[in-house]
file structure.tsv (TSV, C-alpha atoms)
chain	number	residue	atom	x	y	z
D	1	MET	CA	12.32	-18.57	72.30
D	2	ILE	CA	12.98	-18.79	68.58
D	3	ARG	CA	15.70	-21.13	67.43
D	4	PHE	CA	17.59	-20.54	64.23
D	5	ARG	CA	17.36	-23.53	61.91
D	6	MET	CA	20.97	-24.52	62.40
D	7	MET	CA	20.26	-24.91	66.14
D	8	LEU	CA	17.00	-26.85	65.86
D	9	LEU	CA	16.89	-30.47	67.02
D	10	ALA	CA	15.48	-32.69	64.31
D	11	ALA	CA	11.71	-33.20	64.49
D	12	PHE	CA	10.53	-36.76	64.05
D	13	CYS	CA	7.13	-36.45	62.38
D	14	LEU	CA	5.56	-35.60	59.06
D	15	SER	CA	5.54	-31.96	58.08
D	16	ALA	CA	3.43	-29.79	55.82
D	17	SER	CA	4.70	-26.85	53.83
D	18	ALA	CA	3.60	-23.81	51.87
D	19	GLY	CA	5.70	-22.23	49.18
D	20	SER	CA	9.01	-23.50	47.86
D	21	ALA	CA	12.41	-22.23	46.87
D	22	GLY	CA	12.54	-21.03	43.27
D	23	LYS	CA	8.76	-20.69	42.99
D	24	GLU	CA	6.50	-17.83	43.95
D	25	ALA	CA	4.65	-18.92	47.05
D	26	THR	CA	1.21	-17.97	48.20
D	27	ALA	CA	1.61	-14.52	49.69
D	28	LEU	CA	1.26	-14.50	53.45
D	29	PRO	CA	-1.88	-12.58	54.41
D	30	ARG	CA	-1.69	-9.69	56.86
D	31	ALA	CA	-4.03	-9.67	59.85
D	32	THR	CA	-5.44	-6.37	61.02
D	33	VAL	CA	-5.80	-5.60	64.71
D	34	GLU	CA	-9.57	-6.00	64.36
D	35	GLU	CA	-9.01	-9.52	63.02
D	36	LEU	CA	-6.55	-10.36	65.80
D	37	THR	CA	-9.22	-9.57	68.38
D	38	LYS	CA	-11.93	-11.55	66.58
D	39	THR	CA	-10.76	-15.09	65.92
D	40	ALA	CA	-13.67	-15.80	63.59
D	41	SER	CA	-12.33	-13.23	61.11
D	42	LEU	CA	-8.65	-14.24	61.13
D	43	PRO	CA	-7.11	-14.84	57.66
D	44	ARG	CA	-7.48	-18.41	56.38
D	45	LYS	CA	-5.57	-17.99	53.12
D	46	LEU	CA	-2.65	-20.19	54.23
D	47	VAL	CA	-3.71	-23.23	56.28
D	48	ILE	CA	-1.52	-26.29	56.97
D	49	ARG	CA	-2.61	-29.56	58.57
D	50	ASP	CA	-0.02	-31.30	60.73
D	51	ALA	CA	0.45	-35.03	61.35
D	52	THR	CA	-1.94	-34.92	64.33
D	53	LYS	CA	-4.71	-33.53	62.07
D	54	VAL	CA	-4.61	-30.08	63.64
D	55	TYR	CA	-5.00	-27.16	61.23
D	56	TRP	CA	-2.72	-24.13	61.45
D	57	SER	CA	-3.41	-20.77	59.84
D	58	PHE	CA	-0.50	-18.36	59.29
D	59	PHE	CA	-0.45	-14.59	58.81
D	60	ILE	CA	1.65	-11.46	59.32
D	61	SER	CA	1.10	-8.85	62.04
D	62	ASN	CA	3.12	-5.96	63.47
D	63	TYR	CA	0.95	-5.87	66.59
D	64	PHE	CA	4.04	-6.25	68.79
D	65	GLY	CA	6.01	-3.64	66.85
D	66	PHE	CA	7.63	-5.59	64.00
D	67	ASP	CA	6.35	-7.63	61.04
D	68	GLU	CA	6.41	-11.16	62.44
D	69	LEU	CA	4.69	-14.49	61.88
D	70	TRP	CA	1.55	-15.29	63.85
D	71	THR	CA	-0.59	-18.42	63.85
D	72	SER	CA	-3.89	-19.84	65.03
D	73	TYR	CA	-4.96	-23.48	65.22
D	74	SER	CA	-8.19	-25.46	64.87
D	75	HIS	CA	-9.31	-29.07	65.13
D	76	ASP	CA	-12.31	-28.68	62.82
D	77	LEU	CA	-11.66	-25.58	60.63
D	78	LYS	CA	-14.57	-23.89	62.39
D	79	ASN	CA	-13.42	-23.07	65.91
D	80	TRP	CA	-10.04	-21.36	66.04
D	81	SER	CA	-7.70	-20.51	68.88
D	82	ARG	CA	-6.68	-16.99	69.81
D	83	PRO	CA	-3.77	-15.72	67.68
D	84	LEU	CA	-0.40	-17.02	68.84
D	85	TYR	CA	2.77	-14.96	68.52
D	86	THR	CA	5.75	-16.87	67.12
D	87	GLY	CA	8.42	-14.15	67.06
D	88	ILE	CA	9.60	-15.41	63.65
D	89	PRO	CA	10.56	-12.43	61.45
D	90	ILE	CA	9.05	-11.81	58.01
D	91	LEU	CA	11.97	-11.47	55.63
D	92	PRO	CA	11.45	-9.58	52.33
D	93	SER	CA	10.97	-12.56	50.03
D	94	ARG	CA	7.98	-14.20	48.40
D	95	ASN	CA	9.85	-17.51	48.32
D	96	TYR	CA	9.40	-19.34	51.59
D	97	LYS	CA	8.52	-22.65	53.16
D	98	ILE	CA	6.53	-23.18	56.36
D	99	ARG	CA	6.43	-26.61	58.01
D	100	VAL	CA	4.38	-27.77	60.96
D	101	THR	CA	5.63	-30.87	62.77
D	102	THR	CA	4.33	-32.54	65.89
D	103	ASN	CA	6.63	-30.44	68.06
D	104	SER	CA	7.49	-27.27	66.15
D	105	ILE	CA	6.75	-24.66	63.55
D	106	GLU	CA	9.55	-23.94	61.08
D	107	ALA	CA	9.89	-21.17	58.49
D	108	ASP	CA	12.55	-20.78	55.80
D	109	TRP	CA	13.00	-17.78	53.50
D	110	PHE	CA	14.79	-18.05	50.17
D	111	GLU	CA	16.40	-15.67	47.69
D	112	PRO	CA	15.84	-13.25	46.12
D	113	PHE	CA	15.44	-10.79	48.99
D	114	ASP	CA	14.15	-7.31	48.30
D	115	TRP	CA	15.93	-5.44	51.10
D	116	ASP	CA	15.58	-2.09	49.30
D	117	GLN	CA	11.82	-2.25	48.80
D	118	SER	CA	11.18	0.01	51.79
D	119	ARG	CA	12.61	0.80	55.20
D	120	ARG	CA	12.43	-2.37	57.29
D	121	TYR	CA	12.99	-2.90	60.99
D	122	PHE	CA	13.64	-6.21	62.72
D	123	ARG	CA	13.92	-7.09	66.38
D	124	SER	CA	17.63	-6.85	67.20
D	125	SER	CA	17.63	-10.30	68.83
D	126	ILE	CA	16.92	-11.78	65.39
D	127	ASP	CA	19.81	-12.64	63.09
D	128	THR	CA	18.44	-11.85	59.62
D	129	THR	CA	21.52	-13.33	57.96
D	130	VAL	CA	20.10	-16.71	58.98
D	131	HIS	CA	17.07	-17.43	56.81
D	132	GLY	CA	15.62	-20.39	58.72
D	133	TYR	CA	13.75	-20.10	62.02
D	134	ALA	CA	11.79	-22.43	64.27
D	135	ILE	CA	9.86	-22.41	67.50
D	136	PHE	CA	8.60	-25.29	69.64
D	137	LYS	CA	4.83	-25.49	70.05
D	138	HIS	CA	4.94	-25.70	73.84
D	139	ILE	CA	6.48	-22.22	73.85
D	140	LEU	CA	3.59	-20.93	71.74
D	141	TYR	CA	1.04	-22.25	74.26
D	142	GLY	CA	2.69	-21.31	77.55
D	143	ASP	CA	0.65	-18.87	79.68
D	144	ALA	CA	1.71	-19.28	83.32
D	145	ASP	CA	-0.73	-16.71	84.75
D	146	ALA	CA	-3.65	-17.50	82.40
D	147	ASP	CA	-4.14	-13.84	81.47
D	148	GLY	CA	-4.56	-14.33	77.71
D	149	LEU	CA	-0.96	-13.38	76.93
D	150	THR	CA	1.50	-16.19	76.31
D	151	ASP	CA	4.73	-16.13	78.27
D	152	LEU	CA	6.56	-15.35	75.03
D	153	ALA	CA	4.31	-12.33	74.45
D	154	GLU	CA	4.79	-11.16	78.04
D	155	GLU	CA	8.54	-11.25	77.52
D	156	ILE	CA	8.14	-8.94	74.52
D	157	LEU	CA	5.70	-6.55	76.25
D	158	TRP	CA	7.57	-6.44	79.57
D	159	THR	CA	4.50	-7.51	81.52
D	160	ASP	CA	4.73	-9.90	84.47
D	161	PRO	CA	4.24	-13.52	83.30
D	162	ASN	CA	3.30	-14.52	86.86
D	163	ASP	CA	0.71	-11.75	87.43
D	164	MET	CA	-2.39	-11.76	85.27
D	165	ASP	CA	-2.92	-8.02	85.91
D	166	THR	CA	0.50	-6.39	85.82
D	167	ASP	CA	-0.71	-2.81	86.33
D	168	GLY	CA	-3.41	-3.68	88.88
D	169	ASP	CA	-6.26	-1.98	87.04
D	170	GLY	CA	-8.62	-4.94	87.21
D	171	MET	CA	-8.13	-5.96	83.55
D	172	ALA	CA	-6.15	-9.06	82.59
D	173	ASP	CA	-3.00	-8.28	80.60
D	174	GLY	CA	-4.23	-10.12	77.51
D	175	TYR	CA	-7.22	-7.77	77.21
D	176	ASP	CA	-5.56	-4.54	78.36
D	177	LEU	CA	-4.39	-2.11	75.64
D	178	ASN	CA	-2.31	-0.31	78.30
D	179	PRO	CA	-0.94	-3.30	80.25
D	180	LEU	CA	1.69	-1.28	82.14
D	181	ALA	CA	-0.49	1.64	83.33
D	182	ALA	CA	-3.68	2.01	85.35
D	183	PRO	CA	-6.06	5.00	85.02
D	184	PRO	CA	-4.90	7.76	87.42
D	185	GLU	CA	-7.42	9.07	89.93
D	186	GLU	CA	-6.51	12.67	89.14
D	187	MET	CA	-4.14	14.41	86.72
D	188	THR	CA	-2.42	17.78	86.82
D	189	PRO	CA	-3.08	20.31	84.02
D	190	SER	CA	0.33	19.47	82.55
D	191	GLU	CA	-0.46	15.75	82.54
D	192	GLN	CA	-3.85	16.42	80.96
D	193	LEU	CA	-2.27	18.36	78.10
D	194	HIS	CA	0.41	15.70	77.72
D	195	ARG	CA	-2.20	12.95	77.39
D	196	LEU	CA	-4.38	15.03	75.06
D	197	LEU	CA	-1.51	15.54	72.61
D	198	ILE	CA	-0.33	11.92	72.80
D	199	GLU	CA	-3.85	10.60	72.17
D	200	SER	CA	-4.33	12.93	69.18
D	201	VAL	CA	-1.30	11.31	67.52
D	202	LEU	CA	-2.33	7.78	68.50
D	203	GLU	CA	-5.75	8.33	66.94
D	204	ASP	CA	-4.25	9.33	63.58
D	205	LEU	CA	-1.57	6.64	63.31
D	206	PRO	CA	-1.98	4.68	60.04
D	207	SER	CA	-0.50	1.59	61.68
D	208	HIS	CA	-1.86	-0.30	64.68
D	209	GLN	CA	1.57	-1.54	65.73
D	210	LEU	CA	2.80	-1.35	69.30
D	211	VAL	CA	3.64	2.19	70.48
D	212	ILE	CA	5.68	3.27	73.50
D	213	VAL	CA	4.99	6.52	75.37
D	214	GLU	CA	7.80	7.98	77.45
D	215	GLN	CA	6.34	9.02	80.79
D	216	PRO	CA	6.60	12.66	81.90
D	217	GLY	CA	6.74	11.87	85.61
D	218	ASP	CA	7.11	9.19	88.23
D	219	ARG	CA	3.75	7.53	87.65
D	220	ALA	CA	2.62	5.71	84.51
D	221	LEU	CA	-0.30	7.25	82.62
D	222	GLU	CA	-2.90	5.40	80.57
D	223	TYR	CA	-3.83	6.48	77.02
D	224	GLY	CA	-6.86	5.94	74.83
D	225	ARG	CA	-6.29	4.44	71.39
D	226	PRO	CA	-8.78	3.02	68.88
D	227	TYR	CA	-6.66	-0.07	68.22
D	228	GLY	CA	-3.22	-1.29	69.19
D	229	LEU	CA	-1.13	-1.57	72.34
D	230	VAL	CA	0.51	1.24	74.29
D	231	LEU	CA	3.39	0.67	76.70
D	232	SER	CA	3.95	3.44	79.27
D	233	LEU	CA	7.67	3.45	80.09
D	234	SER	CA	10.02	5.73	82.00
D	235	PRO	CA	12.83	7.46	80.04
D	236	ALA	CA	15.34	4.90	81.34
D	237	ALA	CA	13.02	2.03	80.42
D	238	CYS	CA	12.58	3.47	76.89
D	239	ASP	CA	16.35	3.42	76.44
D	240	ALA	CA	16.48	-0.12	77.81
D	241	TYR	CA	13.72	-1.25	75.42
D	242	VAL	CA	15.62	0.12	72.42
D	243	GLU	CA	18.79	-1.52	73.71
D	244	ALA	CA	16.99	-4.88	73.98
D	245	ASN	CA	14.90	-4.76	70.79
D	246	GLY	CA	16.54	-2.24	68.47
D	247	TYR	CA	14.88	0.53	66.49
D	248	GLY	CA	11.46	0.21	64.87
D	249	VAL	CA	8.83	0.67	67.59
D	250	PRO	CA	7.58	4.28	67.72
D	251	ILE	CA	8.41	6.11	70.96
D	252	LEU	CA	6.32	9.20	71.68
D	253	THR	CA	7.70	11.86	74.01
D	254	CYS	CA	5.72	14.91	75.10
D	255	THR	CA	7.08	17.16	77.84
D	256	VAL	CA	4.87	19.96	79.16
D	257	GLN	CA	6.34	22.81	81.18
D	258	PRO	CA	4.24	25.60	82.81
D	259	GLU	CA	5.21	29.09	81.61
D	260	GLY	CA	3.43	31.69	83.66
D	261	GLU	CA	-0.27	31.66	84.45
D	262	GLN	CA	-2.20	29.10	82.34
D	263	HIS	CA	0.55	29.00	79.69
D	264	TYR	CA	2.48	25.86	78.79
D	265	LYS	CA	5.44	25.01	76.60
D	266	VAL	CA	5.32	21.65	74.81
D	267	VAL	CA	8.20	19.70	73.29
D	268	PHE	CA	6.92	16.73	71.27
D	269	GLN	CA	8.90	13.98	69.56
D	270	PHE	CA	7.88	10.95	67.49
D	271	PHE	CA	10.95	8.69	67.34
D	272	VAL	CA	11.42	5.47	65.39
D	273	ALA	CA	15.16	5.60	64.71
D	274	PRO	CA	17.88	8.29	64.66
D	275	ASP	CA	17.13	8.90	60.99
D	276	ASP	CA	13.37	8.40	61.26
D	277	ALA	CA	11.78	10.95	63.59
D	278	TRP	CA	9.82	14.19	63.73
D	279	GLY	CA	8.70	16.68	66.34
D	280	TYR	CA	7.73	20.21	67.26
D	281	ASP	CA	7.81	22.86	69.95
D	282	ALA	CA	4.55	24.59	70.75
D	283	HIS	CA	2.84	26.93	73.20
D	284	PHE	CA	-0.63	26.38	74.65
D	285	PHE	CA	-3.03	28.39	76.79
D	286	ARG	CA	-5.43	26.74	79.23
D	287	ASP	CA	-8.88	28.22	79.66
D	288	GLU	CA	-9.65	27.53	83.31
D	289	LYS	CA	-13.35	28.20	82.84
D	290	ASP	CA	-14.02	25.30	80.48
D	291	ARG	CA	-10.70	23.48	81.09
D	292	THR	CA	-9.72	23.45	77.44
D	293	TYR	CA	-6.33	24.01	75.83
D	294	HIS	CA	-5.75	26.39	72.94
D	295	LEU	CA	-2.75	26.40	70.63
D	296	VAL	CA	-0.93	29.73	70.75
D	297	GLY	CA	1.93	29.03	68.37
D	298	VAL	CA	4.40	26.49	66.96
D	299	PRO	CA	7.82	28.14	66.88
D	300	ASP	CA	9.65	25.08	65.66
D	301	GLU	CA	8.90	21.94	63.62
D	302	TRP	CA	11.44	19.41	62.40
D	303	ARG	CA	11.77	16.07	60.67
D	304	VAL	CA	14.59	13.66	59.91
D	305	ASP	CA	14.00	10.61	57.76
D	306	PRO	CA	15.82	7.87	55.84
D	307	LYS	CA	15.80	10.01	52.67
D	308	GLY	CA	18.49	12.20	54.18
D	309	ARG	CA	16.68	15.29	55.44
D	310	GLU	CA	18.50	16.60	58.47
D	311	GLY	CA	17.08	17.40	61.86
D	312	GLN	CA	17.09	16.64	65.52
D	313	SER	CA	17.15	13.10	66.80
D	314	ARG	CA	16.58	11.31	70.09

call {"tool": "encode", "arguments": {"input": "structure.tsv", "output": "C-alpha cells"}}
result
Amino acid sequence: MIRFRMMLLAAFCLSASAGSAGKEATALPRATVEELTKTASLPRKLVIRDATKVYWSFFISNYFGFDELWTSYSHDLKNWSRPLYTGIPILPSRNYKIRVTTNSIEADWFEPFDWDQSRRYFRSSIDTTVHGYAIFKHILYGDADADGLTDLAEEILWTDPNDMDTDGDGMADGYDLNPLAAPPEEMTPSEQLHRLLIESVLEDLPSHQLVIVEQPGDRALEYGRPYGLVLSLSPAACDAYVEANGYGVPILTCTVQPEGEQHYKVVFQFFVAPDDAWGYDAHFFRDEKDRTYHLVGVPDEWRVDPKGREGQSR
C-alpha cells in the first residue's frame, strides 16, 4: 500500500512537481461523485507530465470515507483513465509538492498546518506525523478480477479482490453502489421500515462519502442512494471496520421492533465518532391497506458533537 517517504526506495527517473515549501501552491481541486463517475468531467486544474510523457491529473475525494488523493492519467490530454485511488491523505496545508516518477507517485506536505480549521478524520493506518507519502504505480493499476475496482480499493471496501461480483447480484463491484448486498426477494415489515428510514437519511446527506449501514438481521440489505457508496455490515463487522480504519466514516444504525399490532418502535443512530453522533427514538404505525408507515411520536432525540454537547454515544 502507501509507503511513508522515509521507507520509499529511491526512484531513478525525472520527476515533476506542483507546489513548493514556503510558497502557496495551487489548491488541489475536489472531485464530486458525479465527476468521479464521468472521466470526461474530472478536474484538470493540476496536471503533471512524467518522464514517459504520460499526464497525471490530481484531485481530492472522500468517496472512500476520508479526504484522500486521487489521480487519473492520459497519453493525449483528451482520453483519461478512470479515477485511481492512492490512499494518500490530504493534510491541512496549502504548501505541498507532488512528484510523478516512472515508478511512483509521491506527495509531501509542509508547514504551516491548520489542524484547528475544522474537525478532521484520517484513516488510522496513516501516520499523520509523517508528512511525506508515496505509492508505486503498479499498485494503483492492479485489478485482479477486472471488476473496475483496483485491488487497493477492494482492500478499503472489504470486497473480494478475486470475485468481480462480491455480493452476487449480477453487477460488477466497480459499478455497484452497494457492493456487499444484493436486493432481497422479499422483506418483512420491520425491514421495510428500517430501509425507508435509512434511505431518507442517505438522500439528505450533504456529503457523498462512503457510508456504512449496520444490518438489523442475518442478511445484508441493499439501499438506494443518489450518489455514493453504501457498505452493509453486521454489528461485529462495523466494530471491526472502526478498529481497522478509525473514526470518520458515518455508521447508520436503525433497529425496528414490533410493538403490538402494526406498531413499531425505532431506535436510530448516526455515528461518526464518540463525540460526533446523533439519534432518536420514535414510534410508527403501519397502515396495512396501503402499506405505508406513519410517524406517531418521537419521545427522545439526542446529539453529541465536538463542541462539547453531551449525549449518548455508540

call {"tool": "closest_atom_pairs", "arguments": {"input": "structure.tsv", "of": "range 214-239 of chain D", "to": "range 52-75 of chain D", "cutoff": "12 Å", "atoms": "only C-alpha atoms", "output": "CSV"}}
result
residue,atom,partner,partner_atom,distance
D:Tyr227,CA,D:Tyr63,CA,9.7
D:Gly228,CA,D:Tyr63,CA,6.7
D:Leu229,CA,D:Tyr63,CA,7.5
D:Val230,CA,D:Phe64,CA,9.9
D:Leu231,CA,D:Phe64,CA,10.5

call {"tool": "write_last_selection", "arguments": {"input": "structure.tsv", "atoms": "C-alpha atoms", "output": "CSV table (one decimal), keeping the file's coordinate frame"}}
result
chain,number,residue,atom,x,y,z
D,227,TYR,CA,-6.7,-0.1,68.2
D,228,GLY,CA,-3.2,-1.3,69.2
D,229,LEU,CA,-1.1,-1.6,72.3
D,230,VAL,CA,0.5,1.2,74.3
D,231,LEU,CA,3.4,0.7,76.7

call {"tool": "residues_around", "arguments": {"input": "structure.tsv", "residues": "range 106-120 of chain D", "least_positions_apart": "3", "cutoff": "6 Å", "atoms": "only C-alpha atoms", "output": "tab-separated table (two decimals) with C-alpha atoms, in the coordinates of the input"}}
result
chain	number	residue	atom	x	y	z
D	21	ALA	CA	12.41	-22.23	46.87
D	92	PRO	CA	11.45	-9.58	52.33
D	93	SER	CA	10.97	-12.56	50.03
D	95	ASN	CA	9.85	-17.51	48.32
D	96	TYR	CA	9.40	-19.34	51.59
D	97	LYS	CA	8.52	-22.65	53.16
D	98	ILE	CA	6.53	-23.18	56.36
D	99	ARG	CA	6.43	-26.61	58.01
D	131	HIS	CA	17.07	-17.43	56.81
D	132	GLY	CA	15.62	-20.39	58.72
D	133	TYR	CA	13.75	-20.10	62.02
D	134	ALA	CA	11.79	-22.43	64.27

call {"tool": "residues_around", "arguments": {"input": "structure.tsv", "residues": "Met187 in chain D", "least_positions_apart": "5", "cutoff": "12 Å", "atoms": "only C-alpha atoms", "output": "PyMOL selection string"}}
result
chain D and resi 192-196+216-217+219-222

call {"tool": "residues_around", "arguments": {"input": "structure.tsv", "residues": "Val211 in chain D", "least_positions_apart": "4", "cutoff": "12 Å", "atoms": "all atoms listed in the file", "output": "PDB file with C-alpha atoms, in the frame of the given file"}}
result
ATOM      1  CA  ASN D  62       3.120  -5.960  63.470  1.00  0.00           C
ATOM      2  CA  TYR D  63       0.950  -5.870  66.590  1.00  0.00           C
ATOM      3  CA  PHE D  64       4.040  -6.250  68.790  1.00  0.00           C
ATOM      4  CA  GLY D  65       6.010  -3.640  66.850  1.00  0.00           C
ATOM      5  CA  PHE D  66       7.630  -5.590  64.000  1.00  0.00           C
ATOM      6  CA  LEU D 157       5.700  -6.550  76.250  1.00  0.00           C
ATOM      7  CA  LEU D 177      -4.390  -2.110  75.640  1.00  0.00           C
ATOM      8  CA  ASN D 178      -2.310  -0.310  78.300  1.00  0.00           C
ATOM      9  CA  ILE D 198      -0.330  11.920  72.800  1.00  0.00           C
ATOM     10  CA  GLU D 199      -3.850  10.600  72.170  1.00  0.00           C
ATOM     11  CA  VAL D 201      -1.300  11.310  67.520  1.00  0.00           C
ATOM     12  CA  LEU D 202      -2.330   7.780  68.500  1.00  0.00           C
ATOM     13  CA  GLU D 203      -5.750   8.330  66.940  1.00  0.00           C
ATOM     14  CA  LEU D 205      -1.570   6.640  63.310  1.00  0.00           C
ATOM     15  CA  SER D 207      -0.500   1.590  61.680  1.00  0.00           C
ATOM     16  CA  TYR D 223      -3.830   6.480  77.020  1.00  0.00           C
ATOM     17  CA  GLY D 224      -6.860   5.940  74.830  1.00  0.00           C
ATOM     18  CA  ARG D 225      -6.290   4.440  71.390  1.00  0.00           C
ATOM     19  CA  TYR D 227      -6.660  -0.070  68.220  1.00  0.00           C
ATOM     20  CA  GLY D 228      -3.220  -1.290  69.190  1.00  0.00           C
ATOM     21  CA  LEU D 229      -1.130  -1.570  72.340  1.00  0.00           C
ATOM     22  CA  VAL D 230       0.510   1.240  74.290  1.00  0.00           C
ATOM     23  CA  LEU D 231       3.390   0.670  76.700  1.00  0.00           C
ATOM     24  CA  SER D 232       3.950   3.440  79.270  1.00  0.00           C
ATOM     25  CA  LEU D 233       7.670   3.450  80.090  1.00  0.00           C
ATOM     26  CA  CYS D 238      12.580   3.470  76.890  1.00  0.00           C
ATOM     27  CA  TYR D 241      13.720  -1.250  75.420  1.00  0.00           C
ATOM     28  CA  GLY D 248      11.460   0.210  64.870  1.00  0.00           C
ATOM     29  CA  VAL D 249       8.830   0.670  67.590  1.00  0.00           C
ATOM     30  CA  PRO D 250       7.580   4.280  67.720  1.00  0.00           C
ATOM     31  CA  ILE D 251       8.410   6.110  70.960  1.00  0.00           C
ATOM     32  CA  LEU D 252       6.320   9.200  71.680  1.00  0.00           C
ATOM     33  CA  THR D 253       7.700  11.860  74.010  1.00  0.00           C
ATOM     34  CA  PHE D 270       7.880  10.950  67.490  1.00  0.00           C
ATOM     35  CA  PHE D 271      10.950   8.690  67.340  1.00  0.00           C
ATOM     36  CA  VAL D 272      11.420   5.470  65.390  1.00  0.00           C
TER      37      VAL D 272
END

call {"tool": "closest_residue", "arguments": {"input": "structure.tsv", "among": "D:Ser200, D:His208, D:Gly174, D:Ala153", "to": "Glu35 in chain D", "atoms": "all atoms listed in the file"}}
result
D:His208
